[in-house]
>>> print(open('work_20.cif').read())   # mmCIF, C-alpha atoms
data_work
loop_
_atom_site.label_atom_id
_atom_site.label_comp_id
_atom_site.auth_asym_id
_atom_site.auth_seq_id
_atom_site.Cartn_x
_atom_site.Cartn_y
_atom_site.Cartn_z
CA MET A 1 88.35 -90.73 -83.44
CA GLU A 2 85.80 -88.47 -81.74
CA ALA A 3 85.96 -88.66 -77.92
CA MET A 4 82.88 -89.94 -76.14
CA ALA A 5 80.85 -87.37 -74.23
CA GLN A 6 81.28 -87.66 -70.49
CA PRO A 7 78.16 -88.42 -68.41
CA LYS A 8 76.56 -85.32 -66.95
CA TYR A 9 76.05 -87.09 -63.62
CA THR A 10 78.15 -89.77 -61.95
CA GLY A 11 75.99 -90.93 -59.06
CA LYS A 12 76.53 -94.40 -57.63
CA ARG A 13 73.73 -96.80 -56.83
CA TYR A 14 73.51 -98.39 -53.43
CA ARG A 15 73.09 -102.21 -53.26
CA LEU A 16 71.65 -102.46 -56.81
CA ASP A 17 73.66 -103.11 -59.99
CA LYS A 18 71.09 -101.32 -62.14
CA PRO A 19 67.97 -99.26 -61.46
CA GLU A 20 64.96 -101.09 -60.10
CA LEU A 21 61.76 -100.59 -62.10
CA LEU A 22 59.00 -100.20 -59.51
CA ALA A 23 55.40 -100.46 -60.72
CA PRO A 24 52.00 -99.79 -59.13
CA ALA A 25 49.46 -102.56 -58.59
CA GLY A 26 45.95 -101.72 -57.43
CA ASN A 27 44.89 -105.37 -57.27
CA LEU A 28 46.25 -108.89 -57.73
CA GLU A 29 45.64 -109.01 -61.48
CA LYS A 30 47.50 -105.74 -62.00
CA LEU A 31 50.38 -107.08 -59.89
CA LYS A 32 50.72 -110.08 -62.18
CA PHE A 33 50.67 -107.93 -65.31
CA ALA A 34 53.22 -105.49 -63.86
CA VAL A 35 55.63 -108.31 -63.00
CA HIS A 36 55.08 -110.18 -66.25
CA TYR A 37 55.74 -107.02 -68.26
CA GLY A 38 59.06 -106.38 -66.57
CA ALA A 39 58.72 -104.76 -63.14
CA ASP A 40 61.51 -105.60 -60.69
CA ALA A 41 59.19 -104.73 -57.82
CA VAL A 42 55.59 -103.64 -57.28
CA TYR A 43 54.00 -101.53 -54.58
CA ILE A 44 50.52 -102.29 -53.37
CA GLY A 45 48.08 -101.23 -50.67
CA GLY A 46 46.59 -103.29 -47.89
CA GLN A 47 43.21 -102.84 -46.26
CA LYS A 48 44.62 -100.22 -43.85
CA TYR A 49 47.18 -97.44 -43.50
CA GLY A 50 47.60 -96.59 -47.21
CA LEU A 51 46.84 -93.47 -49.25
CA ARG A 52 44.64 -95.10 -51.91
CA SER A 53 41.54 -96.17 -50.03
CA ASN A 54 39.55 -96.28 -53.29
CA ALA A 55 41.83 -98.85 -54.90
CA ASP A 56 40.81 -102.50 -54.68
CA ASN A 57 43.71 -103.12 -52.29
CA PHE A 58 44.91 -106.49 -51.01
CA SER A 59 43.83 -108.95 -48.37
CA PHE A 60 46.63 -110.88 -46.65
CA GLU A 61 45.77 -113.96 -48.72
CA GLU A 62 46.08 -111.94 -51.93
CA MET A 63 49.38 -110.54 -50.69
CA LYS A 64 50.72 -114.06 -50.18
CA GLU A 65 49.64 -115.07 -53.68
CA GLY A 66 51.18 -111.91 -55.12
CA VAL A 67 54.47 -112.52 -53.32
CA GLU A 68 54.63 -116.11 -54.59
CA PHE A 69 53.93 -114.97 -58.16
CA ALA A 70 56.53 -112.19 -57.95
CA LYS A 71 59.17 -114.59 -56.60
CA LYS A 72 58.89 -116.72 -59.75
CA TYR A 73 60.12 -113.71 -61.72
CA GLY A 74 62.66 -112.55 -59.16
CA ALA A 75 60.49 -109.57 -58.20
CA LYS A 76 59.59 -108.07 -54.82
CA VAL A 77 56.40 -106.70 -53.31
CA PHE A 78 56.23 -103.52 -51.19
CA VAL A 79 53.19 -102.32 -49.23
CA ALA A 80 52.24 -98.66 -48.76
CA THR A 81 51.55 -97.82 -45.12
CA ASN A 82 52.09 -94.13 -45.74
CA ILE A 83 49.23 -92.37 -43.97
CA TYR A 84 49.84 -89.67 -41.40
CA ALA A 85 48.34 -91.49 -38.43
CA HIS A 86 45.96 -90.05 -35.86
CA ASN A 87 45.75 -91.64 -32.43
CA GLU A 88 42.91 -93.94 -33.47
CA ASP A 89 44.94 -95.18 -36.45
CA ILE A 90 47.71 -96.63 -34.32
CA GLU A 91 45.64 -99.35 -32.68
CA GLY A 92 46.34 -102.64 -34.42
CA ILE A 93 49.41 -101.47 -36.34
CA GLU A 94 51.73 -104.02 -34.69
CA SER A 95 49.66 -107.05 -35.68
CA TYR A 96 49.13 -105.61 -39.16
CA LEU A 97 52.86 -105.19 -39.76
CA ARG A 98 53.60 -108.67 -38.42
CA SER A 99 51.04 -110.05 -40.87
CA LEU A 100 52.81 -108.24 -43.72
CA GLU A 101 56.09 -109.80 -42.61
CA GLU A 102 54.51 -113.27 -42.47
CA ALA A 103 53.06 -112.78 -45.97
CA GLY A 104 56.57 -112.32 -47.36
CA ILE A 105 56.34 -108.59 -48.09
CA ALA A 106 59.83 -107.20 -48.71
CA ALA A 107 59.27 -103.64 -47.48
CA ILE A 108 56.74 -101.10 -46.32
CA ILE A 109 56.60 -97.50 -47.54
CA ALA A 110 55.97 -95.29 -44.51
CA ALA A 111 55.89 -91.59 -43.64
CA ASP A 112 54.78 -91.42 -40.01
CA PRO A 113 57.64 -91.87 -37.49
CA ALA A 114 55.28 -93.80 -35.20
CA ILE A 115 54.64 -96.43 -37.89
CA ILE A 116 58.35 -96.53 -38.73
CA GLU A 117 59.35 -97.17 -35.13
CA VAL A 118 56.69 -99.83 -34.64
CA ALA A 119 57.82 -101.61 -37.80
CA LYS A 120 61.46 -101.66 -36.69
CA ARG A 121 60.46 -103.20 -33.37
CA ALA A 122 57.55 -105.49 -34.27
CA ALA A 123 58.49 -106.68 -37.79
CA PRO A 124 62.29 -106.42 -38.13
CA LYS A 125 62.41 -108.46 -41.36
CA LEU A 126 60.41 -105.75 -43.13
CA GLU A 127 62.53 -103.06 -44.73
CA VAL A 128 61.18 -99.57 -44.17
CA HIS A 129 61.31 -97.19 -47.12
CA LEU A 130 60.59 -93.55 -46.36
CA SER A 131 57.53 -92.37 -48.29
CA THR A 132 57.47 -89.40 -50.64
CA GLN A 133 54.87 -88.01 -48.21
CA GLN A 134 57.79 -86.84 -46.05
CA SER A 135 58.77 -84.42 -48.88
CA THR A 136 62.48 -85.18 -48.46
CA LEU A 137 64.51 -82.93 -50.78
CA ASN A 138 68.00 -82.41 -49.29
CA TRP A 139 70.95 -84.58 -48.36
CA GLN A 140 70.93 -83.60 -44.67
CA ALA A 141 67.37 -84.90 -44.31
CA VAL A 142 68.29 -88.05 -46.23
CA LYS A 143 71.25 -88.58 -43.89
CA PHE A 144 68.94 -88.21 -40.89
CA TRP A 145 66.75 -91.05 -42.14
CA LYS A 146 69.77 -93.20 -42.94
CA ASP A 147 71.00 -92.66 -39.38
CA GLU A 148 67.55 -93.82 -38.24
CA GLY A 149 68.28 -97.14 -39.95
CA LEU A 150 66.24 -96.76 -43.15
CA PRO A 151 67.83 -98.28 -46.29
CA ARG A 152 65.81 -96.25 -48.82
CA VAL A 153 64.26 -92.81 -49.17
CA VAL A 154 61.55 -92.00 -51.70
CA LEU A 155 62.24 -88.38 -52.57
CA GLY A 156 59.58 -85.72 -52.88
CA ARG A 157 58.47 -85.15 -56.45
CA GLU A 158 59.91 -81.63 -56.21
CA ALA A 159 63.54 -82.82 -56.19
CA SER A 160 65.61 -81.79 -59.22
CA LEU A 161 68.36 -83.84 -60.84
CA GLU A 162 70.97 -81.48 -59.41
CA GLU A 163 69.57 -81.97 -55.91
CA ILE A 164 69.55 -85.74 -56.39
CA ALA A 165 73.18 -85.59 -57.53
CA ALA A 166 74.10 -83.76 -54.32
CA ILE A 167 72.21 -86.32 -52.22
CA LYS A 168 74.03 -89.21 -53.91
CA GLU A 169 77.35 -87.46 -53.37
CA HIS A 170 76.83 -87.01 -49.62
CA VAL A 171 74.78 -90.06 -48.53
CA ASP A 172 75.30 -93.74 -49.35
CA ILE A 173 71.67 -94.86 -49.39
CA GLU A 174 69.08 -96.11 -51.88
CA ILE A 175 67.17 -93.29 -53.56
CA GLU A 176 63.77 -93.90 -55.12
CA ALA A 177 62.13 -91.28 -57.35
CA PHE A 178 58.91 -91.00 -59.32
CA ILE A 179 59.71 -90.98 -63.03
CA HIS A 180 56.24 -91.38 -64.57
CA GLY A 181 52.61 -90.64 -63.72
CA ALA A 182 50.29 -88.09 -62.18
CA MET A 183 51.66 -85.07 -60.34
CA CYS A 184 49.96 -83.48 -57.35
CA SER A 185 49.06 -79.81 -57.68
CA SER A 186 50.03 -79.41 -54.04
CA PHE A 187 53.33 -80.15 -52.31
CA SER A 188 53.80 -83.94 -52.50
CA GLY A 189 50.26 -84.73 -51.46
CA ARG A 190 49.92 -82.26 -48.59
CA CYS A 191 46.67 -80.83 -50.01
CA VAL A 192 43.61 -80.56 -47.76
CA LEU A 193 41.07 -79.37 -50.35
CA SER A 194 39.54 -82.84 -50.30
CA ASN A 195 39.08 -82.62 -46.53
CA HIS A 196 37.16 -79.35 -46.78
CA PHE A 197 35.07 -80.21 -49.84
CA THR A 198 34.13 -83.83 -49.16
CA ASP A 199 35.31 -84.66 -45.62
CA ARG A 200 37.73 -87.17 -47.16
CA ASP A 201 41.23 -86.91 -45.69
CA SER A 202 43.90 -86.75 -48.38
CA ASN A 203 46.59 -87.82 -45.96
CA ARG A 204 44.65 -90.86 -44.75
CA GLY A 205 43.81 -92.27 -48.17
CA GLY A 206 40.68 -90.38 -49.17
CA CYS A 207 41.78 -87.75 -51.70
CA CYS A 208 38.96 -86.89 -54.10
CA GLN A 209 41.34 -85.10 -56.52
CA SER A 210 39.69 -81.73 -56.05
CA CYS A 211 42.28 -80.07 -58.30
CA ARG A 212 40.89 -81.94 -61.32
CA TRP A 213 37.26 -80.91 -60.82
CA LYS A 214 35.32 -78.47 -62.96
CA TYR A 215 34.40 -75.32 -61.03
CA ASP A 216 31.74 -72.62 -61.27
CA LEU A 217 31.52 -69.23 -59.55
CA PHE A 218 28.69 -68.42 -57.11
CA VAL A 219 28.07 -65.03 -55.51
CA ASP A 220 25.72 -63.84 -52.79
CA GLY A 221 23.37 -61.32 -54.41
CA ARG A 222 21.81 -60.40 -51.09
CA GLU A 223 24.95 -58.45 -50.23
CA ASP A 224 25.23 -56.82 -53.66
CA GLN A 225 28.36 -58.86 -54.33
CA GLY A 226 27.17 -59.91 -57.76
CA GLN A 227 28.26 -56.68 -59.47
CA TRP A 228 32.04 -57.12 -59.57
CA VAL A 229 32.50 -57.44 -63.33
CA SER A 230 35.38 -55.82 -65.20
CA GLU A 231 34.83 -53.17 -67.90
CA GLU A 232 36.00 -55.65 -70.50
CA GLN A 233 33.46 -58.19 -69.28
CA GLN A 234 30.70 -55.58 -69.42
CA LEU A 235 31.27 -55.31 -73.17
CA ILE A 236 30.61 -59.04 -73.60
CA GLU A 237 27.06 -60.27 -73.60
CA GLN A 238 26.85 -62.53 -70.55
CA PRO A 239 24.26 -65.28 -69.99
CA ALA A 240 21.82 -64.47 -67.21
CA PRO A 241 22.98 -65.69 -63.78
CA ALA A 242 21.41 -68.98 -62.78
CA PRO A 243 19.82 -69.53 -59.37
CA SER A 244 22.05 -71.53 -57.08
CA PRO A 245 20.86 -74.98 -55.97
CA PHE A 246 22.50 -74.38 -52.59
CA LYS A 247 20.65 -71.54 -50.83
CA PRO A 248 18.28 -68.65 -51.62
CA GLY A 249 19.84 -65.40 -52.81
CA VAL A 250 23.01 -66.98 -54.19
CA THR A 251 23.39 -66.88 -57.96
CA GLN A 252 25.79 -68.56 -60.33
CA ILE A 253 28.06 -66.46 -62.55
CA PRO A 254 28.90 -68.61 -65.61
CA LEU A 255 32.63 -69.06 -66.15
CA PHE A 256 32.10 -70.68 -69.53
CA GLN A 257 29.94 -70.21 -72.57
CA PRO A 258 27.44 -73.06 -73.14
CA GLU A 259 29.50 -74.41 -76.04
CA ASP A 260 32.76 -74.42 -74.07
CA ASN A 261 34.39 -77.52 -72.62
CA GLN A 262 34.70 -76.80 -68.91
CA PHE A 263 38.07 -77.38 -67.30
CA THR A 264 39.71 -75.48 -64.49
CA MET A 265 43.13 -76.78 -63.50
CA GLY A 266 45.30 -79.79 -62.89
CA SER A 267 48.97 -80.65 -63.32
CA LYS A 268 50.32 -82.32 -66.43
CA ASP A 269 51.62 -85.85 -65.94
CA LEU A 270 55.28 -86.70 -65.45
CA CYS A 271 57.16 -88.64 -68.14
CA MET A 272 60.94 -89.13 -68.08
CA LEU A 273 61.17 -91.72 -70.84
CA GLU A 274 63.19 -89.37 -73.06
CA HIS A 275 65.72 -88.81 -70.26
CA ILE A 276 66.63 -92.34 -69.16
CA PRO A 277 70.41 -91.69 -69.40
CA ASP A 278 70.20 -88.76 -66.95
CA LEU A 279 68.13 -90.79 -64.48
CA ILE A 280 70.56 -93.70 -64.58
CA GLU A 281 73.73 -91.60 -64.48
CA VAL A 282 72.57 -89.53 -61.50
CA GLY A 283 72.38 -92.78 -59.55
CA ILE A 284 68.66 -93.16 -58.82
CA ASP A 285 68.24 -96.68 -57.44
CA SER A 286 64.53 -97.18 -58.06
CA PHE A 287 62.45 -95.74 -60.91
CA LYS A 288 58.91 -95.43 -59.59
CA ILE A 289 55.78 -95.36 -61.78
CA GLU A 290 52.69 -93.75 -60.24
CA GLY A 291 49.23 -95.23 -60.70
CA ARG A 292 47.71 -97.82 -58.35
CA MET A 293 44.30 -96.66 -59.60
CA LYS A 294 45.26 -96.98 -63.28
CA SER A 295 44.13 -99.71 -65.68
CA ILE A 296 45.86 -102.96 -66.59
CA HIS A 297 46.52 -101.54 -70.06
CA TYR A 298 48.24 -98.51 -68.54
CA VAL A 299 50.42 -100.56 -66.17
CA ALA A 300 51.46 -103.09 -68.82
CA THR A 301 52.19 -100.48 -71.49
CA VAL A 302 54.22 -98.12 -69.31
CA VAL A 303 56.20 -100.88 -67.56
CA ASN A 304 56.93 -102.55 -70.90
CA VAL A 305 58.33 -99.36 -72.43
CA TYR A 306 60.53 -98.37 -69.47
CA ARG A 307 61.79 -101.97 -69.19
CA GLN A 308 63.00 -101.87 -72.79
CA ALA A 309 64.57 -98.42 -72.43
CA ILE A 310 66.42 -99.24 -69.19
CA ASP A 311 67.70 -102.57 -70.51
CA SER A 312 68.80 -100.99 -73.78
CA TYR A 313 70.84 -98.33 -71.99
CA MET A 314 72.39 -100.74 -69.51
CA ALA A 315 73.40 -103.14 -72.30
CA ASP A 316 75.29 -100.49 -74.29
CA PRO A 317 75.33 -96.95 -72.81
CA GLU A 318 77.62 -95.56 -75.49
CA HIS A 319 75.26 -96.49 -78.33
CA TYR A 320 71.95 -96.00 -76.57
CA VAL A 321 69.23 -94.55 -78.82
CA LEU A 322 65.74 -93.49 -77.78
CA LYS A 323 63.37 -95.37 -80.08
CA PRO A 324 60.43 -93.39 -81.52
CA GLU A 325 58.16 -96.40 -81.05
CA TRP A 326 58.70 -96.17 -77.27
CA ILE A 327 57.33 -92.63 -77.25
CA GLU A 328 54.43 -93.74 -79.43
CA GLU A 329 53.67 -96.54 -76.98
CA ILE A 330 53.73 -94.22 -73.96
CA ASN A 331 51.30 -91.88 -75.70
CA LYS A 332 48.87 -94.78 -76.11
CA ALA A 333 48.63 -94.99 -72.33
CA ALA A 334 48.74 -91.24 -71.56
CA ASN A 335 45.48 -89.60 -70.56
CA ARG A 336 46.95 -86.14 -69.92
CA PRO A 337 49.68 -83.99 -71.50
CA LEU A 338 53.19 -84.93 -70.34
CA ASN A 339 56.19 -83.01 -69.01
CA THR A 340 59.37 -83.54 -66.97
CA GLY A 341 58.06 -82.29 -63.63
CA PHE A 342 60.72 -80.71 -61.39
CA PHE A 343 63.71 -82.66 -62.69
CA TYR A 344 65.09 -79.82 -64.86
CA ASP A 345 63.19 -76.72 -63.79
CA THR A 346 60.35 -75.55 -61.58
CA PRO A 347 57.04 -76.06 -63.41
CA ASP A 348 55.14 -72.90 -64.30
CA HIS A 349 51.70 -72.07 -65.68
CA GLU A 350 52.47 -73.96 -68.90
CA ASP A 351 52.78 -77.18 -66.90
CA HIS A 352 49.19 -77.04 -65.66
CA ILE A 353 46.02 -77.80 -67.60
CA TYR A 354 43.56 -74.93 -67.66
CA GLU A 355 41.72 -75.88 -70.84
CA PRO A 356 40.22 -79.08 -72.21
CA GLU A 357 42.88 -81.77 -71.97
CA GLU A 358 44.99 -82.14 -75.06
CA LYS A 359 45.09 -85.93 -74.82
CA ALA A 360 42.76 -88.75 -73.96
CA VAL A 361 43.57 -92.43 -73.75
CA PRO A 362 43.24 -93.35 -77.45
CA TYR A 363 43.23 -97.15 -77.01
CA ASP A 364 41.10 -99.72 -75.23
CA PHE A 365 42.37 -103.00 -73.79
CA ALA A 366 40.34 -105.30 -76.03
CA GLY A 367 41.58 -108.78 -75.18
CA LEU A 368 44.08 -110.95 -73.33
CA VAL A 369 45.86 -113.86 -75.02
CA MET A 370 45.15 -117.06 -73.12
CA GLU A 371 46.48 -119.69 -75.54
CA TYR A 372 48.19 -119.93 -78.95
CA ASP A 373 48.27 -122.90 -81.33
CA GLU A 374 51.36 -122.68 -83.52
CA LYS A 375 50.10 -125.18 -86.13
CA SER A 376 46.85 -123.39 -86.88
CA GLY A 377 48.03 -119.85 -86.04
CA THR A 378 44.95 -119.51 -83.83
CA ALA A 379 44.78 -117.74 -80.49
CA VAL A 380 42.29 -117.95 -77.67
CA ILE A 381 41.48 -114.38 -76.61
CA GLN A 382 39.71 -113.41 -73.39
CA GLN A 383 37.48 -110.45 -74.25
CA ARG A 384 38.08 -107.30 -72.19
CA ASN A 385 36.32 -104.74 -74.41
CA HIS A 386 34.00 -104.97 -77.41
CA PHE A 387 35.62 -105.90 -80.74
CA LYS A 388 34.37 -107.40 -83.99
CA PRO A 389 35.58 -108.70 -87.38
CA GLY A 390 37.13 -105.92 -89.43
CA ASP A 391 38.46 -103.96 -86.45
CA GLU A 392 42.06 -102.77 -86.67
CA ILE A 393 43.91 -104.08 -83.62
CA GLU A 394 47.40 -104.28 -82.14
CA PHE A 395 49.04 -107.06 -80.18
CA PHE A 396 51.81 -106.23 -77.74
CA GLY A 397 53.68 -108.08 -75.04
CA PRO A 398 56.87 -108.21 -72.97
CA GLU A 399 60.26 -108.02 -74.64
CA GLY A 400 59.04 -105.88 -77.51
CA THR A 401 56.35 -108.09 -79.04
CA PHE A 402 54.28 -105.86 -81.32
CA PHE A 403 52.26 -106.15 -84.54
CA LYS A 404 49.06 -104.85 -86.12
CA GLN A 405 46.35 -106.71 -87.99
CA SER A 406 42.64 -106.74 -88.77
CA VAL A 407 40.27 -108.99 -86.88
CA GLY A 408 39.12 -111.86 -89.07
CA PRO A 409 36.31 -114.31 -88.36
CA ILE A 410 35.84 -114.97 -84.65
CA ARG A 411 34.29 -117.98 -82.95
CA ASP A 412 33.21 -118.85 -79.44
CA GLU A 413 34.42 -121.87 -77.45
CA ASN A 414 31.91 -124.11 -79.20
CA GLY A 415 33.02 -123.08 -82.66
CA ASN A 416 30.04 -120.83 -83.39
CA GLU A 417 30.89 -117.85 -85.59
CA LEU A 418 30.14 -114.49 -83.96
CA ASP A 419 29.42 -111.04 -85.32
CA ALA A 420 31.17 -109.44 -82.31
CA ALA A 421 32.85 -110.21 -78.98
CA ARG A 422 30.53 -108.35 -76.70
CA HIS A 423 30.43 -110.35 -73.45
CA PRO A 424 32.97 -109.59 -70.67
CA LEU A 425 35.66 -112.27 -70.27
CA GLN A 426 34.17 -114.29 -73.15
CA LEU A 427 36.73 -116.66 -74.75
CA ILE A 428 37.16 -116.06 -78.48
CA ARG A 429 39.13 -118.02 -81.08
CA MET A 430 40.67 -116.10 -83.96
CA LYS A 431 43.57 -116.23 -86.41
CA VAL A 432 46.58 -114.05 -85.64
CA ASP A 433 49.22 -112.91 -88.11
CA GLN A 434 52.20 -113.63 -85.83
CA PRO A 435 52.90 -115.91 -82.86
CA VAL A 436 51.57 -114.66 -79.52
CA ARG A 437 51.93 -115.83 -75.93
CA HIS A 438 49.88 -115.98 -72.78
CA PHE A 439 49.70 -112.49 -71.18
CA ASP A 440 50.15 -110.72 -74.54
CA MET A 441 47.50 -108.03 -74.88
CA MET A 442 45.26 -106.93 -77.72
CA ARG A 443 44.08 -103.33 -78.01
CA LYS A 444 42.10 -101.17 -80.45
CA ARG A 445 41.67 -97.46 -81.02
CA LYS A 446 38.73 -95.95 -79.22
CA GLY A 447 35.82 -95.20 -81.50
CA LYS A 448 37.10 -97.49 -84.23
#
>>> encode(input="work_20.cif", output="structure tokens")
Amino acid sequence: MEAMAQPKYTGKRYRLDKPELLAPAGNLEKLKFAVHYGADAVYIGGQKYGLRSNADNFSFEEMKEGVEFAKKYGAKVFVATNIYAHNEDIEGIESYLRSLEEAGIAAIIAADPAIIEVAKRAAPKLEVHLSTQQSTLNWQAVKFWKDEGLPRVVLGREASLEEIAAIKEHVDIEIEAFIHGAMCSSFSGRCVLSNHFTDRDSNRGGCCQSCRWKYDLFVDGREDQGQWVSEEQQLIEQPAPAPSPFKPGVTQIPLFQPEDNQFTMGSKDLCMLEHIPDLIEVGIDSFKIEGRMKSIHYVATVVNVYRQAIDSYMADPEHYVLKPEWIEEINKAANRPLNTGFFYDTPDHEDHIYEPEEKAVPYDFAGLVMEYDEKSGTAVIQQRNHFKPGDEIEFFGPEGTFFKQSVGPIRDENGNELDAARHPLQLIRMKVDQPVRHFDMMRKRKGK
């Protein structure tokens, strides 16, 4: 009998029997979808002190409702308080943290030592998890934060599996790591391009994602600086420089031909779905998905896939098999090319996007199942995007629910037949080919 291959990593988890699946939630509805689709915990933002000021974010009342919903599923809620605080940011932090504690929040995610110390003193029931904003990458630094009383460290995205293995070997502490989502082109969010371009502070929640913009080149012709063109470029017929809209004497040097799709740079997104065994065996305690600004469809799809993969491995590690349909599902939610970040090697030029993006989100969230009548095989669907009879659609839900069908006749709440579901949140009745449940989702290919 052939001997089983030994695990590459043998890291031990701290406090948890299996990895926690930690999902983003930009608002209360996304929180409920994340939990329903299998998240063990969600991280959210409040009205202050977080790094996603453009997300909907949560009031204290919404936090309480989210905590109560999560408890029904045995899930926890964490709040990001991970800004780097200036003096004016500190006022009011004590009362804010006490309110989080009273709302039932399980932990805050913090980077600034001032916020950490205030939390330990003013809201002792709140766990404090060290934010990835601290860029923690070595076991000595992890040990420092453990000695400070923190139960969990969220590693910088630049940590490799080998470095994580060394951390787990030396320090008995929970380790959280990003395993899916957008990657910063800077060093774990330390970029200040946004500050200079738009006066929005990246490290206080205002990042405008400057690295994903389209750029043009402008030169000051008054100082004869518009002549630096290579010999090779001189052989190519160039469009005439365009006057700049900014100030007299400055002209624009086109970086693209008129027919080109303009794109400058931006990191590919992280996806570790194909490497679940390595993540589990190295001992990572919490698998973190990025994306508090992402859609409900994104959150539900990604959480659903990782939930199935983690549970499949934990149930039978020796016979674990990566299912092709999981990869297909992830690709339905991906809006950029994917890679493995820093886990196996340092990303190079091939891990950035310099040309038109190879992928776009190919599916729309078309409807949410509200009710299902088993006798008639009819579902009540809440419209989320336009669909009509004849459209090819897919239903998917927690625990692997998945099937395809064509949309048949559709009717409104009063039984009137419709030519399309075109009104937001309109309730539609339609036949479905297989049983569905509340919170199952319906999607369709874009442009179909």
>>> closest_residue(input="work_20.cif", among="A:Ala123, A:Leu130, A:Met442, A:Val153", to="A:Gly367", atoms="all atoms listed in the file")
A:Met442
>>> closest_residue(input="work_20.cif", among="A:Ala80, A:Ile393, A:Val42, A:Met183", to="A:Gly156", atoms="all atoms listed in the file")
A:Met183
>>> residues_around(input="work_20.cif", residues="A:Glu158", least_positions_apart="6", cutoff="9 Å", atoms="only C-alpha atoms", output="ChimeraX atom specification")
/A:135-137,187-188,341-343,346
>>> residues_around(input="work_20.cif", residues="A:His170", least_positions_apart="2", cutoff="9 Å", atoms="all atoms listed in the file", output="VMD selection string")
chain A and resid 139 to 140 143 165 to 168 172
>>> residues_around(input="work_20.cif", residues="stretch 275-288 of chain A", least_positions_apart="4", cutoff="9 Å", atoms="only C-alpha atoms", output="VMD selection string")
chain A and resid 7 to 24 152 154 161 to 162 164 to 165 168 173 to 181 271 306 309 to 310 313 to 314 317 320 322 340
>>> residues_near_point(input="work_20.cif", point="(49.2, -77.3, -67.3)", cutoff="8 Å", atoms="only C-alpha atoms", output="number ranges by chain")
A: 265-268, 337, 348-354
>>> atom_distance(input="work_20.cif", atom1="atom CA of A:Arg411", atom2="atom CA of A:Ala300")
26.8 Å
>>> axis_aligned_box(input="work_20.cif", around="stretch 176-194 of chain A", padding_each_side="8 Å", output="lines of an AutoDock Vina configuration file")
center_x = 51.7
center_y = -86.6
center_z = -56.2
size_x = 40.2
size_y = 30.5
size_z = 32.8
>>> atom_distance(input="work_20.cif", atom1="atom CA of A:Lys76", atom2="atom CA of A:Arg384")
27.7 Å
>>> resolve_selection(input="work_20.cif", expression="the PyMOL selection byres ((chain A and resi 427) around 10)", output="VMD selection string")
chain A and resid 367 to 370 379 to 384 411 to 414 421 423 to 426 428 to 429
>>> closest_residue(input="work_20.cif", among="A:Asn331, A:Leu418, A:Glu318, A:Pro435", to="A:Lys375", atoms="all atoms listed in the file")
A:Pro435
>>> resolve_selection(input="work_20.cif", expression="the PyMOL selection byres ((chain A and resi 193) around 10)", output="list in words")
Ser186, Arg190, Cys191, Val192, Ser194, Asn195, His196, Phe197, Thr198, Asp199, Arg200, Asp201, Ser202, Cys207, Cys208, Gln209, Ser210 and Cys211 of chain A
>>> closest_residue(input="work_20.cif", among="A:Ala366, A:Cys184, A:Val128, A:Leu150", to="A:Met441", atoms="only C-alpha atoms")
A:Ala366
>>> resolve_selection(input="work_20.cif", expression="the PyMOL selection byres ((chain A and resi 102) around 12)", output="tab-separated table (two decimals) with C-alpha atoms, keeping the file's coordinate frame")
chain	number	residue	atom	x	y	z
A	60	PHE	CA	46.63	-110.88	-46.65
A	61	GLU	CA	45.77	-113.96	-48.72
A	63	MET	CA	49.38	-110.54	-50.69
A	64	LYS	CA	50.72	-114.06	-50.18
A	67	VAL	CA	54.47	-112.52	-53.32
A	95	SER	CA	49.66	-107.05	-35.68
A	96	TYR	CA	49.13	-105.61	-39.16
A	97	LEU	CA	52.86	-105.19	-39.76
A	98	ARG	CA	53.60	-108.67	-38.42
A	99	SER	CA	51.04	-110.05	-40.87
A	100	LEU	CA	52.81	-108.24	-43.72
A	101	GLU	CA	56.09	-109.80	-42.61
A	103	ALA	CA	53.06	-112.78	-45.97
A	104	GLY	CA	56.57	-112.32	-47.36
A	105	ILE	CA	56.34	-108.59	-48.09
A	106	ALA	CA	59.83	-107.20	-48.71
A	107	ALA	CA	59.27	-103.64	-47.48
A	122	ALA	CA	57.55	-105.49	-34.27
A	123	ALA	CA	58.49	-106.68	-37.79
A	124	PRO	CA	62.29	-106.42	-38.13
A	125	LYS	CA	62.41	-108.46	-41.36
A	126	LEU	CA	60.41	-105.75	-43.13
